[in-house]
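Colleague: Pasting a structure here, questions to come.
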Amino acid sequence: MDFIPKILAYVCTYCTYTAADMAGSARMQYPDSVRIVKYLCTGRIDLLHILKAFEAGADGLLVGG
């Protein structure tokens, strides 16, 4: 079996999420194993949020802001 990593993306509402939304409008796709969590500002992400992501089973984490 091929390993498919579960990626969690913490994105900023005004920066990264806007870019992801525009990519969606252009019909660009990303893998189903990527989940996006929108934050008002990624500067508000606490270390506990990151640890909880890995505890919940995420294989990788992207913080974009």
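Just remember, in the structure tokens the first chain shown is A, the second B, etc., residues are 1-based per chain, and ligands are 1-based in the order shown.
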I'd like to know which residues of chain A are strand (DSSP E or B) (by DSSP, run on the backbone); could you write them as a ChimeraX atom specification?

Modeller: /A:7-12,34-39,60-64

Colleague: Restrict the selected residues to C-alpha atoms and save them as a short mmCIF file (atom, residue, chain, number, x, y, z; two decimals), in the first residue's frame.

Modeller:
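Result saved to out.cif:
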data_model
loop_
_atom_site.label_atom_id
_atom_site.label_comp_id
_atom_site.auth_asym_id
_atom_site.auth_seq_id
_atom_site.Cartn_x
_atom_site.Cartn_y
_atom_site.Cartn_z
CA ILE A 7 -1.64 17.22 5.99
CA LEU A 8 -3.30 19.91 8.09
CA ALA A 9 -2.96 23.48 6.83
CA TYR A 10 -3.43 26.36 9.28
CA VAL A 11 -4.01 29.40 7.07
CA CYS A 12 -4.50 33.12 7.64
CA VAL A 34 -5.07 18.07 2.86
CA ARG A 35 -7.39 19.76 5.34
CA ILE A 36 -7.54 23.54 5.69
CA VAL A 37 -8.22 25.27 9.01
CA LYS A 38 -8.82 29.00 8.67
CA TYR A 39 -7.53 31.32 11.40
CA GLY A 60 2.35 17.02 8.49
CA LEU A 61 1.45 20.59 9.25
CA LEU A 62 1.55 23.74 7.14
CA VAL A 63 1.28 27.14 8.78
CA GLY A 64 0.78 29.83 6.16
#

Colleague: What residues in chain A get the DSSP label helix (DSSP H, G or I)? Please answer as a ChimeraX atom specification.

Modeller: /A:16-25,42-44,47-55

Colleague: Any chance you can output those residues with C-alpha atoms as a tab-separated table (two decimals), in the first residue's frame?

Modeller:
chain	number	residue	atom	x	y	z
A	16	THR	CA	-3.07	32.27	2.56
A	17	TYR	CA	-6.79	31.49	2.59
A	18	THR	CA	-7.44	34.18	0.00
A	19	ALA	CA	-4.79	32.62	-2.26
A	20	ALA	CA	-6.29	29.16	-1.75
A	21	ASP	CA	-9.74	30.54	-2.56
A	22	MET	CA	-8.46	32.12	-5.77
A	23	ALA	CA	-6.80	28.82	-6.72
A	24	GLY	CA	-10.15	27.12	-6.20
A	25	SER	CA	-11.83	29.71	-8.43
A	42	THR	CA	-1.78	32.64	12.06
A	43	GLY	CA	0.10	34.70	14.62
A	44	ARG	CA	-2.58	33.54	17.07
A	47	LEU	CA	1.95	25.57	20.36
A	48	LEU	CA	-0.93	23.52	21.78
A	49	HIS	CA	-2.80	23.82	18.45
A	50	ILE	CA	0.19	22.31	16.70
A	51	LEU	CA	0.61	19.53	19.23
A	52	LYS	CA	-3.13	18.72	19.11
A	53	ALA	CA	-2.92	18.38	15.31
A	54	PHE	CA	-0.26	15.69	15.60
A	55	GLU	CA	-2.09	14.08	18.50

Colleague: Please identify all polymer residues within 8 Å of A:Ser33, counting only C-alpha atoms, omitting same-chain residues fewer than 5 positions from it, and present them as a compact mmCIF listing (two decimals) with C-alpha atoms, in the first residue's frame.

Modeller:
# COMPACT_ATOMS: atom_id res chain seq x y z
CA ILE A 4 -0.80 8.96 1.85
CA PRO A 5 0.13 11.58 4.46
CA LYS A 6 -2.59 13.56 6.23
CA ILE A 7 -1.64 17.22 5.99

Colleague: Could you jot down the atom CA of A:Met28 to atom CA of A:Gly65 separation for me, Å, one decimal place?

Modeller: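 Straight-line distance from atom CA of A:Met28 to atom CA of A:Gly65 works out to 20.1 Å.
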
Colleague: Measure the distance from atom CA of A:Asp32 to atom CA of A:Asp2 in Å and round it to one decimal.

Modeller: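 Between these atoms lies a distance of 14.7 Å.
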
Colleague: In terms of the shortest atom-to-atom distance over only C-alpha atoms, which of A:Met1, A:Asp59, A:Gln29, A:Leu40 is closest to A:Cys15?

Modeller: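 The closest residue to A:Cys15 is A:Leu40.
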